[in-house]
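**Q** Supplied structure: work01.cif, mmCIF, C-alpha atoms.
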```
data_protein
loop_
_atom_site.group_PDB
_atom_site.id
_atom_site.type_symbol
_atom_site.label_atom_id
_atom_site.label_comp_id
_atom_site.auth_asym_id
_atom_site.auth_seq_id
_atom_site.Cartn_x
_atom_site.Cartn_y
_atom_site.Cartn_z
ATOM 1 C CA MET A 1 -2.238 0.613 -16.411
ATOM 2 C CA PHE A 2 -5.638 0.391 -14.759
ATOM 3 C CA PHE A 3 -6.375 4.042 -15.460
ATOM 4 C CA LEU A 4 -5.249 3.755 -19.071
ATOM 5 C CA ASP A 5 -7.667 0.844 -19.504
ATOM 6 C CA LYS A 6 -10.427 2.638 -17.616
ATOM 7 C CA PHE A 7 -10.274 5.771 -19.776
ATOM 8 C CA GLY A 8 -9.857 3.832 -23.032
ATOM 9 C CA LEU A 9 -6.316 5.037 -23.699
ATOM 10 C CA MET A 10 -4.735 1.578 -23.802
ATOM 11 C CA PRO A 11 -4.305 0.240 -27.348
ATOM 12 C CA LYS A 12 -6.044 -3.039 -28.153
ATOM 13 C CA SER A 13 -3.424 -4.584 -30.452
ATOM 14 C CA ARG A 14 -0.433 -6.415 -29.046
ATOM 15 C CA VAL A 15 2.580 -4.380 -30.228
ATOM 16 C CA PRO A 16 1.341 -0.879 -29.283
ATOM 17 C CA ARG A 17 0.053 -2.244 -25.966
ATOM 18 C CA THR A 18 3.495 -3.687 -25.209
ATOM 19 C CA VAL A 19 5.160 -0.380 -26.095
ATOM 20 C CA VAL A 20 2.825 1.523 -23.760
ATOM 21 C CA GLU A 21 3.427 -0.993 -20.954
ATOM 22 C CA LEU A 22 7.204 -0.700 -21.356
ATOM 23 C CA PHE A 23 6.945 3.095 -21.373
ATOM 24 C CA VAL A 24 4.922 3.088 -18.132
ATOM 25 C CA ILE A 25 7.376 0.698 -16.458
ATOM 26 C CA THR A 26 10.360 2.787 -17.594
ATOM 27 C CA LEU A 27 8.721 5.974 -16.367
ATOM 28 C CA ALA A 28 8.017 4.374 -13.000
ATOM 29 C CA LEU A 29 11.633 3.249 -12.665
ATOM 30 C CA TYR A 30 12.991 6.689 -13.565
ATOM 31 C CA VAL A 31 10.624 8.582 -11.265
ATOM 32 C CA ALA A 32 9.407 6.364 -8.430
ATOM 33 C CA LEU A 33 12.566 4.395 -7.713
ATOM 34 C CA PRO A 34 14.851 7.392 -6.992
ATOM 35 C CA VAL A 35 12.154 8.985 -4.842
ATOM 36 C CA SER A 36 11.605 5.815 -2.833
ATOM 37 C CA VAL A 37 15.341 5.289 -2.315
ATOM 38 C CA SER A 38 15.853 8.885 -1.205
ATOM 39 C CA LEU A 39 13.149 8.647 1.468
ATOM 40 C CA PHE A 40 15.327 6.436 3.645
ATOM 41 C CA PRO A 41 18.665 7.598 5.073
ATOM 42 C CA GLN A 42 21.739 5.958 3.589
ATOM 43 C CA ARG A 43 23.574 5.794 6.881
ATOM 44 C CA GLY A 44 22.084 3.698 9.663
ATOM 45 C CA GLU A 45 22.895 3.147 13.289
ATOM 46 C CA ILE A 46 22.182 0.327 15.698
ATOM 47 C CA ASP A 47 22.661 -0.279 19.403
ATOM 48 C CA ALA A 48 25.397 -2.712 20.419
ATOM 49 C CA SER A 49 22.821 -4.665 22.435
ATOM 50 C CA GLU A 50 20.839 -5.406 19.260
ATOM 51 C CA ILE A 51 23.604 -7.200 17.369
ATOM 52 C CA GLU A 52 25.509 -10.454 17.763
ATOM 53 C CA PRO A 53 27.083 -11.105 21.182
ATOM 54 C CA GLU A 54 30.643 -11.209 19.842
ATOM 55 C CA PHE A 55 30.376 -7.508 18.868
ATOM 56 C CA SER A 56 28.754 -6.263 22.076
ATOM 57 C CA ASP A 57 31.989 -5.953 24.078
ATOM 58 C CA ARG A 58 34.188 -4.311 21.423
ATOM 59 C CA ARG A 59 36.293 -1.298 22.359
ATOM 60 C CA ASN A 60 37.309 1.718 20.301
ATOM 61 C CA SER A 61 40.844 3.152 19.970
ATOM 62 C CA ARG A 62 40.516 4.980 23.319
ATOM 63 C CA GLY A 63 39.588 1.799 25.183
ATOM 64 C CA GLN A 64 35.922 2.718 25.660
ATOM 65 C CA VAL A 65 33.175 0.161 25.085
ATOM 66 C CA VAL A 66 31.351 0.774 21.797
ATOM 67 C CA THR A 67 27.637 1.348 22.437
ATOM 68 C CA ARG A 68 26.449 2.249 18.918
ATOM 69 C CA TYR A 69 27.487 1.021 15.508
ATOM 70 C CA TYR A 70 27.071 3.005 12.304
ATOM 71 C CA TYR A 71 26.799 1.428 8.893
ATOM 72 C CA ASN A 72 26.312 2.390 5.267
ATOM 73 C CA LYS A 73 23.259 0.803 3.663
ATOM 74 C CA GLY A 74 25.025 0.741 0.310
ATOM 75 C CA LEU A 75 22.289 2.390 -1.716
#
```
Show how you would write the structure in this file as C-alpha coordinates.
**A**
Amino acid sequence: MFFLDKFGLMPKSRVPRTVVELFVITLALYVALPVSVSLFPQRGEIDASEIEPEFSDRRNSRGQVVTRYYYNKGL
(Lines of atoms letter the chains of each structure in order from A and count residues from 1; the text may use other names and numbers.)
(Lines give C-alpha, C1' and ligand atoms only; values in the text may rest on other atoms or scores of the structure.)
Protein backbone atom coordinates (compact mmCIF):
# COMPACT_ATOMS: atom_id res chain seq x y z
CA MET A 1 0.00 0.00 0.00
CA PHE A 2 2.86 2.34 0.84
CA PHE A 3 4.48 1.79 -2.54
CA LEU A 4 1.21 2.29 -4.39
CA ASP A 5 0.80 5.63 -2.61
CA LYS A 6 4.44 6.55 -3.15
CA PHE A 7 4.33 5.99 -6.92
CA GLY A 8 0.90 7.60 -7.33
CA LEU A 9 -0.87 4.39 -8.32
CA MET A 10 -3.42 4.45 -5.50
CA PRO A 11 -6.78 5.92 -6.55
CA LYS A 12 -7.98 8.97 -4.63
CA SER A 13 -11.72 8.22 -4.55
CA ARG A 14 -13.18 5.90 -1.95
CA VAL A 15 -14.64 3.00 -3.97
CA PRO A 16 -11.66 2.32 -6.28
CA ARG A 17 -9.29 2.72 -3.32
CA THR A 18 -11.26 0.10 -1.37
CA VAL A 19 -11.20 -2.27 -4.35
CA VAL A 20 -7.42 -1.91 -4.67
CA GLU A 21 -6.95 -2.47 -0.92
CA LEU A 22 -9.10 -5.62 -1.01
CA PHE A 23 -7.17 -6.88 -4.04
CA VAL A 24 -3.82 -6.37 -2.27
CA ILE A 25 -5.08 -8.12 0.88
CA THR A 26 -6.46 -11.03 -1.16
CA LEU A 27 -3.22 -11.35 -3.09
CA ALA A 28 -1.24 -11.37 0.14
CA LEU A 29 -3.45 -14.10 1.60
CA TYR A 30 -3.17 -16.27 -1.52
CA VAL A 31 0.60 -15.86 -1.86
CA ALA A 32 2.18 -15.01 1.49
CA LEU A 33 0.08 -17.17 3.79
CA PRO A 34 0.80 -20.53 2.10
CA VAL A 35 4.50 -19.68 1.88
CA SER A 36 4.70 -18.72 5.54
CA VAL A 37 2.84 -21.85 6.65
CA SER A 38 5.06 -24.10 4.54
CA LEU A 39 8.25 -22.71 6.07
CA PHE A 40 7.59 -24.49 9.36
CA PRO A 41 7.38 -28.28 9.65
CA GLN A 42 3.93 -29.68 10.35
CA ARG A 43 5.20 -32.38 12.66
CA GLY A 44 6.95 -31.33 15.85
CA GLU A 45 8.81 -33.13 18.57
CA ILE A 46 9.54 -32.31 22.18
CA ASP A 47 11.61 -33.85 24.96
CA ALA A 48 9.73 -35.57 27.77
CA SER A 49 11.58 -33.38 30.27
CA GLU A 50 10.04 -30.25 28.73
CA ILE A 51 6.40 -31.18 29.27
CA GLU A 52 4.13 -31.65 32.27
CA PRO A 53 5.39 -33.98 35.02
CA GLU A 54 2.51 -36.45 34.65
CA PHE A 55 3.73 -37.32 31.11
CA SER A 56 7.43 -37.62 31.91
CA ASP A 57 7.28 -41.21 33.21
CA ARG A 58 5.02 -42.72 30.53
CA ARG A 59 6.00 -46.03 28.93
CA ASN A 60 5.44 -47.30 25.41
CA SER A 61 4.02 -50.72 24.43
CA ARG A 62 7.42 -52.40 24.99
CA GLY A 63 7.71 -51.06 28.54
CA GLN A 64 10.42 -48.51 27.73
CA VAL A 65 10.26 -44.98 29.12
CA VAL A 66 9.20 -42.47 26.46
CA THR A 67 11.89 -39.80 26.02
CA ARG A 68 10.47 -37.85 23.05
CA TYR A 69 6.93 -36.99 22.06
CA TYR A 70 5.84 -36.23 18.51
CA TYR A 71 2.84 -34.13 17.65
CA ASN A 72 1.00 -32.75 14.64
CA LYS A 73 0.73 -28.97 14.61
CA GLY A 74 -2.59 -29.19 12.80
CA LEU A 75 -1.79 -26.79 10.00
**Q** Just the residues within 12 Å of Val65 of chain A, please, counting only C-alpha atoms, with nothing from its chain fewer than 3 positions along; format it as a count of residues only.
**A** 13
**Q** Can you work out which one of A:Phe7, A:Val66, A:Pro16, A:Ile25 has the shortest atom-to-atom distance to Ile46 of chain A, counting only C-alpha atoms?
**A**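 When distances to Ile46 of chain A are compared using only C-alpha atoms, the smallest one comes from A:Val66.
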**Q** When you draw a straight line from atom CA of Tyr70 of chain A to atom CA of Gln42 of chain A, how long is it in Å?
**A**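 Taking atom CA of Tyr70 of chain A and atom CA of Gln42 of chain A, their separation equals 10.6 Å.
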**Q** Build an axis-aligned box that encloses every atom of segment 54-70 of chain A listed in the file, pad it by 5 Å on each side, and report its centre and edge lengths in Å to one decimal, as JSON.
**A**
```
{"center_x": 33.6, "center_y": -3.1, "center_z": 19.0, "size_x": 24.4, "size_y": 26.2, "size_z": 23.4}
```
**Q** Would you list the contacts of Glu21 of chain A as an NGL selection string, taking every protein, DNA or RNA residue within 12 Å and counting all atoms listed in the file, but skipping same-chain residues closer than 6 positions in sequence?
**A** :A and (1-2 or 4-5 or 9-11 or 14-15 or 27-28)
**Q** Mind pulling up the distance from atom CA of Leu33 of chain A to atom CA of Gly74 of chain A?
**A** 15.3 Å
**Q** What is the distance, in Å and to one decimal place, between atom CA of Asn72 of chain A and atom CA of Leu39 of chain A?
**A** 15.1 Å
**Q** Using all atoms listed in the file, which residue out of A:Ala32, A:Lys73, A:Thr26, A:Val19 lies closest to Glu45 of chain A?
**A** A:Lys73
**Q** Rebuild segment 11-26 of chain A so that it carries N, CA and C atoms, then output the result as a PDB file, keeping the file's coordinate frame.
**A**
```pdb
ATOM      1  N   PRO A  11      -4.056   0.837 -26.025  1.00  0.00           N
ATOM      2  CA  PRO A  11      -4.305   0.240 -27.348  1.00  0.00           C
ATOM      3  C   PRO A  11      -4.756  -1.215 -27.218  1.00  0.00           C
ATOM      4  N   LYS A  12      -5.517  -1.671 -28.182  1.00  0.00           N
ATOM      5  CA  LYS A  12      -6.044  -3.039 -28.153  1.00  0.00           C
ATOM      6  C   LYS A  12      -5.086  -4.051 -28.780  1.00  0.00           C
ATOM      7  N   SER A  13      -4.319  -3.631 -29.786  1.00  0.00           N
ATOM      8  CA  SER A  13      -3.424  -4.584 -30.452  1.00  0.00           C
ATOM      9  C   SER A  13      -2.170  -4.827 -29.608  1.00  0.00           C
ATOM     10  N   ARG A  14      -1.505  -5.917 -29.903  1.00  0.00           N
ATOM     11  CA  ARG A  14      -0.433  -6.415 -29.046  1.00  0.00           C
ATOM     12  C   ARG A  14       0.812  -5.530 -29.024  1.00  0.00           C
ATOM     13  N   VAL A  15       1.316  -5.132 -30.168  1.00  0.00           N
ATOM     14  CA  VAL A  15       2.580  -4.380 -30.228  1.00  0.00           C
ATOM     15  C   VAL A  15       2.452  -2.992 -29.597  1.00  0.00           C
ATOM     16  N   PRO A  16       1.454  -2.180 -29.954  1.00  0.00           N
ATOM     17  CA  PRO A  16       1.341  -0.879 -29.283  1.00  0.00           C
ATOM     18  C   PRO A  16       1.071  -1.001 -27.774  1.00  0.00           C
ATOM     19  N   ARG A  17       0.326  -2.023 -27.392  1.00  0.00           N
ATOM     20  CA  ARG A  17       0.053  -2.244 -25.966  1.00  0.00           C
ATOM     21  C   ARG A  17       1.361  -2.550 -25.217  1.00  0.00           C
ATOM     22  N   THR A  18       2.208  -3.357 -25.817  1.00  0.00           N
ATOM     23  CA  THR A  18       3.495  -3.687 -25.209  1.00  0.00           C
ATOM     24  C   THR A  18       4.382  -2.451 -25.102  1.00  0.00           C
ATOM     25  N   VAL A  19       4.373  -1.618 -26.117  1.00  0.00           N
ATOM     26  CA  VAL A  19       5.160  -0.380 -26.095  1.00  0.00           C
ATOM     27  C   VAL A  19       4.681   0.539 -24.977  1.00  0.00           C
ATOM     28  N   VAL A  20       3.376   0.677 -24.826  1.00  0.00           N
ATOM     29  CA  VAL A  20       2.825   1.523 -23.760  1.00  0.00           C
ATOM     30  C   VAL A  20       3.181   0.946 -22.390  1.00  0.00           C
ATOM     31  N   GLU A  21       3.079  -0.369 -22.229  1.00  0.00           N
ATOM     32  CA  GLU A  21       3.427  -0.993 -20.954  1.00  0.00           C
ATOM     33  C   GLU A  21       4.899  -0.773 -20.616  1.00  0.00           C
ATOM     34  N   LEU A  22       5.770  -0.939 -21.586  1.00  0.00           N
ATOM     35  CA  LEU A  22       7.204  -0.700 -21.356  1.00  0.00           C
ATOM     36  C   LEU A  22       7.483   0.762 -21.019  1.00  0.00           C
ATOM     37  N   PHE A  23       6.770   1.675 -21.670  1.00  0.00           N
ATOM     38  CA  PHE A  23       6.945   3.095 -21.373  1.00  0.00           C
ATOM     39  C   PHE A  23       6.520   3.408 -19.938  1.00  0.00           C
ATOM     40  N   VAL A  24       5.401   2.845 -19.498  1.00  0.00           N
ATOM     41  CA  VAL A  24       4.922   3.088 -18.132  1.00  0.00           C
ATOM     42  C   VAL A  24       5.897   2.498 -17.113  1.00  0.00           C
ATOM     43  N   ILE A  25       6.411   1.321 -17.373  1.00  0.00           N
ATOM     44  CA  ILE A  25       7.376   0.698 -16.458  1.00  0.00           C
ATOM     45  C   ILE A  25       8.664   1.518 -16.402  1.00  0.00           C
ATOM     46  N   THR A  26       9.146   1.969 -17.547  1.00  0.00           N
ATOM     47  CA  THR A  26      10.360   2.787 -17.594  1.00  0.00           C
ATOM     48  C   THR A  26      10.165   4.102 -16.857  1.00  0.00           C
TER      49      THR A  26
END
```
